[in-house]
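Encoded as structure tokens, the structure appears first; notes follow it.
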Amino acid sequence: GGNSYSFYLYDTVNVGQLKGVFLTTDRTADANSKVRFLNLPPGYPALEFVLVRRAAAVAVDSSVLYSNVPYVGNVPTPDILALSAYKIVPSSVLAGAVAAGSPATDYILRVKLAGTNTIVTSSAATTLINGRIYTFIARGKYPATTILTTLNN
């Protein structure tokens with residue numbers, strides 16, 4: 001009662017059967033954005049999810065939001081509580097909403113091989129909106145992958 005859930009399918013090609021993970025989805029709004037990350041491409045090693053903050057289309061800084069995230073299928077029993085958890089991220093500042101002289105901000109999303117500088121995939125500029133709840137998913141098949149974004153509210 002009163003809970004929301006998300007179900008994510010993965011690894012259907014390799015094993016010929018449906019595999020999935022059933023997560024609790026927190027739809028409680030926050031002043032910033034809520035983000036979670038799932039590593040779902042079969043055969044991938046552990047990944048890092050990195051946010052590169054940009055101001056006026058120039059990279060300002062970056063932070064590893066999730067590190068050493070294993071492929072869900074490599075874990076005998078996935079930790080559903082850990083996979084369901086979100087992290088709070090400052091929302092982007094839209095161009096029309098900034099004080100005079102302040103540059104607009106957005107993020108580039110990057111997925112790297114854990115513990116390396118090897119970028120697996122990178123997104124175009126992405127705006128995170130106040131109060132929105134996002135799930136970012138690494139998907140595809142090793143070594144090719146993309147980032148899929150789902151909005152949970």
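Identifiers in the structure tokens: chain A, B, ... in order shown; residue index from 1 per chain; ligand index from 1 in order shown.
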Please provide the set of residues having any atom within 10 Å of Val58 (chain A), restricted to only C-alpha atoms, with same-chain residues fewer than 4 positions apart removed, written as a PDB file with N, CA, C and O atoms, in the first residue's frame.
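Output below, filename selection_28.pdb:
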```pdb
ATOM      1  N   VAL A  52      29.538  14.816 -14.950  1.00  0.00           N
ATOM      2  CA  VAL A  52      30.424  15.936 -15.283  1.00  0.00           C
ATOM      3  C   VAL A  52      29.544  17.186 -15.325  1.00  0.00           C
ATOM      4  O   VAL A  52      28.668  17.306 -16.181  1.00  0.00           O
ATOM      5  N   ARG A  53      29.748  18.074 -14.364  1.00  0.00           N
ATOM      6  CA  ARG A  53      28.944  19.306 -14.302  1.00  0.00           C
ATOM      7  C   ARG A  53      29.532  20.335 -15.247  1.00  0.00           C
ATOM      8  O   ARG A  53      30.746  20.535 -15.290  1.00  0.00           O
ATOM      9  N   ARG A  54      28.655  20.952 -16.022  1.00  0.00           N
ATOM     10  CA  ARG A  54      29.101  21.974 -16.968  1.00  0.00           C
ATOM     11  C   ARG A  54      28.419  23.301 -16.644  1.00  0.00           C
ATOM     12  O   ARG A  54      27.287  23.323 -16.182  1.00  0.00           O
ATOM     13  N   PRO A 103      26.243  31.458 -15.238  1.00  0.00           N
ATOM     14  CA  PRO A 103      26.060  30.584 -16.397  1.00  0.00           C
ATOM     15  C   PRO A 103      25.069  29.455 -16.104  1.00  0.00           C
ATOM     16  O   PRO A 103      24.922  29.019 -14.972  1.00  0.00           O
ATOM     17  N   THR A 105      23.781  25.630 -16.099  1.00  0.00           N
ATOM     18  CA  THR A 105      24.520  24.393 -15.861  1.00  0.00           C
ATOM     19  C   THR A 105      23.732  23.193 -16.373  1.00  0.00           C
ATOM     20  O   THR A 105      22.512  23.230 -16.478  1.00  0.00           O
ATOM     21  N   ASP A 106      24.468  22.144 -16.695  1.00  0.00           N
ATOM     22  CA  ASP A 106      23.881  20.860 -17.044  1.00  0.00           C
ATOM     23  C   ASP A 106      24.928  19.794 -16.734  1.00  0.00           C
ATOM     24  O   ASP A 106      25.976  20.108 -16.160  1.00  0.00           O
TER      25      ASP A 106
END
```
Practice problem: Tell me, as a list in words, which residues lie within 12 Å of Asp11 (chain A), counting only C-alpha atoms; anything in the same chain fewer than 6 positions away does not count. | Solution: Gln17, Leu18, Lys19, Gly20, Val21, Asn39, Leu40, Pro41, Pro42, Gly43, Tyr44, Tyr71, Val72, Gly73, Asn74, Arg139, Gly140, Lys141 and Tyr142 of chain A
Any chance you could export the current selection's C-alpha atoms as a PDB file, in the first residue's frame?
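Output saved as result_5.pdb:
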```pdb
ATOM      1  CA  GLN A  17      14.854 -16.643 -20.520  1.00  0.00           C
ATOM      2  CA  LEU A  18      13.599 -13.516 -18.845  1.00  0.00           C
ATOM      3  CA  LYS A  19      15.691 -12.264 -15.950  1.00  0.00           C
ATOM      4  CA  GLY A  20      14.718  -9.182 -14.063  1.00  0.00           C
ATOM      5  CA  VAL A  21      15.113  -7.123 -10.965  1.00  0.00           C
ATOM      6  CA  ASN A  39      24.607  -1.929 -14.541  1.00  0.00           C
ATOM      7  CA  LEU A  40      22.559  -4.213 -16.834  1.00  0.00           C
ATOM      8  CA  PRO A  41      24.709  -5.088 -19.922  1.00  0.00           C
ATOM      9  CA  PRO A  42      25.577  -8.820 -19.873  1.00  0.00           C
ATOM     10  CA  GLY A  43      29.265  -9.570 -19.554  1.00  0.00           C
ATOM     11  CA  TYR A  44      30.299  -6.143 -18.345  1.00  0.00           C
ATOM     12  CA  TYR A  71      26.627  -6.319 -13.454  1.00  0.00           C
ATOM     13  CA  VAL A  72      23.368  -7.379 -11.784  1.00  0.00           C
ATOM     14  CA  GLY A  73      23.589 -10.857 -13.337  1.00  0.00           C
ATOM     15  CA  ASN A  74      27.020 -11.526 -11.784  1.00  0.00           C
ATOM     16  CA  ARG A 139      22.393  -1.259 -21.302  1.00  0.00           C
ATOM     17  CA  GLY A 140      23.521  -3.122 -24.392  1.00  0.00           C
ATOM     18  CA  LYS A 141      25.935  -6.010 -24.791  1.00  0.00           C
ATOM     19  CA  TYR A 142      29.631  -5.976 -23.982  1.00  0.00           C
TER      20      TYR A 142
END
```
Exercise. Report the residues of region 9-46 of chain A whose backbone DSSP state falls under strand (DSSP E), written as number ranges by chain.
Key: A: 9-10, 19-24, 33-39
Practice problem: Have a look at CA of Thr127 (chain A) and CA of Ser84 (chain A) and let me know their distance in Å, one decimal. | Solution: 22.1 Å
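With only C-alpha atoms as the basis for measurement, A:Ala29 is the residue among A:Val111, A:Val60, A:Leu23, A:Ala29 that approaches Ile133 (chain A) most closely.
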Quiz item: Can you tell me how far CA of Tyr134 (chain A) sits from CA of Ala82 (chain A), in Å to one decimal?
Solution: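 Atom-to-atom, CA of Tyr134 (chain A) to CA of Ala82 (chain A), that is 15.4 Å.
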Exercise. Could you check which of A:Asn153, A:Tyr66, A:Asp26, A:Leu51 is closest to Ser122 (chain A), using only C-alpha atoms?
Key: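 Closest residue, counting only C-alpha atoms: A:Leu51.
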Practice problem: List every residue of region 7-150 of chain A that DSSP, applied to the backbone, labels as helix (DSSP H, G or I), and write the result as a PyMOL selection string. | Solution: chain A and resi 12-15+72-74+80-84+95-97
Quiz item: Expressed in Å to a single decimal, how great is the separation between CA of Thr126 (chain A) and CA of Ala144 (chain A)?
Solution: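 About the pair CA of Thr126 (chain A) and CA of Ala144 (chain A): they are 20.8 Å apart.
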Show me, as a PDB file with all heavy atoms, in the first residue's frame, the residues that have an atom within 12 Å of Asn117 (chain A) when counting only C-alpha atoms, minus same-chain residues fewer than 4 positions from it.
```
ATOM      1  N   LEU A  47      31.227  -1.134 -13.087  1.00  0.00           N
ATOM      2  CA  LEU A  47      31.219   0.178 -13.725  1.00  0.00           C
ATOM      3  C   LEU A  47      31.165   1.300 -12.697  1.00  0.00           C
ATOM      4  O   LEU A  47      30.768   1.091 -11.550  1.00  0.00           O
ATOM      5  CB  LEU A  47      30.005   0.307 -14.653  1.00  0.00           C
ATOM      6  CG  LEU A  47      29.921  -0.666 -15.822  1.00  0.00           C
ATOM      7  CD1 LEU A  47      28.589  -0.500 -16.543  1.00  0.00           C
ATOM      8  CD2 LEU A  47      31.082  -0.461 -16.781  1.00  0.00           C
ATOM      9  N   GLU A  48      31.543   2.497 -13.151  1.00  0.00           N
ATOM     10  CA  GLU A  48      31.374   3.729 -12.381  1.00  0.00           C
ATOM     11  C   GLU A  48      30.420   4.636 -13.152  1.00  0.00           C
ATOM     12  O   GLU A  48      30.455   4.678 -14.386  1.00  0.00           O
ATOM     13  CB  GLU A  48      32.708   4.456 -12.217  1.00  0.00           C
ATOM     14  CG  GLU A  48      33.673   3.740 -11.335  1.00  0.00           C
ATOM     15  CD  GLU A  48      35.000   4.473 -11.181  1.00  0.00           C
ATOM     16  OE1 GLU A  48      35.267   5.456 -11.905  1.00  0.00           O
ATOM     17  OE2 GLU A  48      35.780   4.040 -10.327  1.00  0.00           O
ATOM     18  N   PHE A  49      29.595   5.356 -12.426  1.00  0.00           N
ATOM     19  CA  PHE A  49      28.691   6.341 -13.029  1.00  0.00           C
ATOM     20  C   PHE A  49      29.169   7.712 -12.593  1.00  0.00           C
ATOM     21  O   PHE A  49      29.208   8.016 -11.401  1.00  0.00           O
ATOM     22  CB  PHE A  49      27.254   6.086 -12.574  1.00  0.00           C
ATOM     23  CG  PHE A  49      26.247   6.992 -13.207  1.00  0.00           C
ATOM     24  CD1 PHE A  49      25.958   6.888 -14.566  1.00  0.00           C
ATOM     25  CD2 PHE A  49      25.585   7.946 -12.467  1.00  0.00           C
ATOM     26  CE1 PHE A  49      25.024   7.722 -15.160  1.00  0.00           C
ATOM     27  CE2 PHE A  49      24.651   8.782 -13.043  1.00  0.00           C
ATOM     28  CZ  PHE A  49      24.365   8.673 -14.398  1.00  0.00           C
ATOM     29  N   VAL A  50      29.551   8.538 -13.564  1.00  0.00           N
ATOM     30  CA  VAL A  50      30.187   9.826 -13.297  1.00  0.00           C
ATOM     31  C   VAL A  50      29.308  10.949 -13.840  1.00  0.00           C
ATOM     32  O   VAL A  50      28.805  10.868 -14.972  1.00  0.00           O
ATOM     33  CB  VAL A  50      31.584   9.885 -13.964  1.00  0.00           C
ATOM     34  CG1 VAL A  50      32.257  11.217 -13.696  1.00  0.00           C
ATOM     35  CG2 VAL A  50      32.453   8.725 -13.501  1.00  0.00           C
ATOM     36  N   VAL A  64      32.211  11.036  -9.109  1.00  0.00           N
ATOM     37  CA  VAL A  64      31.801   9.648  -9.272  1.00  0.00           C
ATOM     38  C   VAL A  64      30.608   9.451  -8.346  1.00  0.00           C
ATOM     39  O   VAL A  64      30.754   9.459  -7.128  1.00  0.00           O
ATOM     40  CB  VAL A  64      32.947   8.676  -8.930  1.00  0.00           C
ATOM     41  CG1 VAL A  64      32.460   7.236  -9.026  1.00  0.00           C
ATOM     42  CG2 VAL A  64      34.142   8.909  -9.837  1.00  0.00           C
ATOM     43  N   ARG A 110      28.589   9.946 -17.697  1.00  0.00           N
ATOM     44  CA  ARG A 110      29.630   9.047 -18.192  1.00  0.00           C
ATOM     45  C   ARG A 110      29.585   7.741 -17.439  1.00  0.00           C
ATOM     46  O   ARG A 110      29.380   7.703 -16.236  1.00  0.00           O
ATOM     47  CB  ARG A 110      31.017   9.661 -18.011  1.00  0.00           C
ATOM     48  CG  ARG A 110      31.287  10.757 -18.986  1.00  0.00           C
ATOM     49  CD  ARG A 110      32.763  10.978 -19.183  1.00  0.00           C
ATOM     50  NE  ARG A 110      32.902  12.012 -20.186  1.00  0.00           N
ATOM     51  CZ  ARG A 110      33.666  13.079 -20.063  1.00  0.00           C
ATOM     52  NH1 ARG A 110      34.407  13.231 -18.990  1.00  0.00           N
ATOM     53  NH2 ARG A 110      33.715  13.975 -21.023  1.00  0.00           N
ATOM     54  N   VAL A 111      29.825   6.668 -18.178  1.00  0.00           N
ATOM     55  CA  VAL A 111      29.986   5.350 -17.582  1.00  0.00           C
ATOM     56  C   VAL A 111      31.409   4.917 -17.897  1.00  0.00           C
ATOM     57  O   VAL A 111      31.832   4.939 -19.052  1.00  0.00           O
ATOM     58  CB  VAL A 111      28.965   4.342 -18.146  1.00  0.00           C
ATOM     59  CG1 VAL A 111      29.223   2.951 -17.609  1.00  0.00           C
ATOM     60  CG2 VAL A 111      27.548   4.786 -17.815  1.00  0.00           C
ATOM     61  N   LYS A 112      32.155   4.556 -16.836  1.00  0.00           N
ATOM     62  CA  LYS A 112      33.546   4.133 -16.984  1.00  0.00           C
ATOM     63  C   LYS A 112      33.717   2.733 -16.411  1.00  0.00           C
ATOM     64  O   LYS A 112      32.949   2.322 -15.543  1.00  0.00           O
ATOM     65  CB  LYS A 112      34.483   5.083 -16.236  1.00  0.00           C
ATOM     66  CG  LYS A 112      34.461   6.498 -16.738  1.00  0.00           C
ATOM     67  CD  LYS A 112      35.404   7.454 -16.036  1.00  0.00           C
ATOM     68  CE  LYS A 112      36.147   6.985 -14.853  1.00  0.00           C
ATOM     69  NZ  LYS A 112      37.050   7.940 -14.243  1.00  0.00           N
ATOM     70  N   LEU A 113      34.752   2.031 -16.886  1.00  0.00           N
ATOM     71  CA  LEU A 113      35.131   0.782 -16.246  1.00  0.00           C
ATOM     72  C   LEU A 113      35.646   1.135 -14.857  1.00  0.00           C
ATOM     73  O   LEU A 113      36.455   2.067 -14.711  1.00  0.00           O
ATOM     74  CB  LEU A 113      36.205   0.054 -17.046  1.00  0.00           C
ATOM     75  CG  LEU A 113      35.788  -0.432 -18.435  1.00  0.00           C
ATOM     76  CD1 LEU A 113      36.960  -1.112 -19.131  1.00  0.00           C
ATOM     77  CD2 LEU A 113      34.589  -1.375 -18.360  1.00  0.00           C
ATOM     78  N   THR A 121      30.785   4.796 -22.224  1.00  0.00           N
ATOM     79  CA  THR A 121      29.824   5.588 -22.972  1.00  0.00           C
ATOM     80  C   THR A 121      29.638   6.931 -22.280  1.00  0.00           C
ATOM     81  O   THR A 121      29.926   7.085 -21.089  1.00  0.00           O
ATOM     82  CB  THR A 121      28.469   4.853 -23.131  1.00  0.00           C
ATOM     83  OG1 THR A 121      27.648   5.561 -24.067  1.00  0.00           O
ATOM     84  CG2 THR A 121      27.743   4.720 -21.815  1.00  0.00           C
TER      85      THR A 121
END
```
Self-check item: Of the listed residues A:Leu109, A:Ala57, A:Ile137, A:Leu148, that which approaches Phe37 (chain A) most closely, counting only C-alpha atoms
Solution: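 Among A:Leu109, A:Ala57, A:Ile137, A:Leu148, it is A:Ile137 that comes nearest to Phe37 (chain A).
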Quiz item: Which residue gives the smallest distance to Leu38 (chain A) among A:Ala59, A:Ala124, A:Leu9, A:Ile88, with only C-alpha atoms counted?
Solution: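 Closest to Leu38 (chain A), using only C-alpha atoms: A:Leu9.
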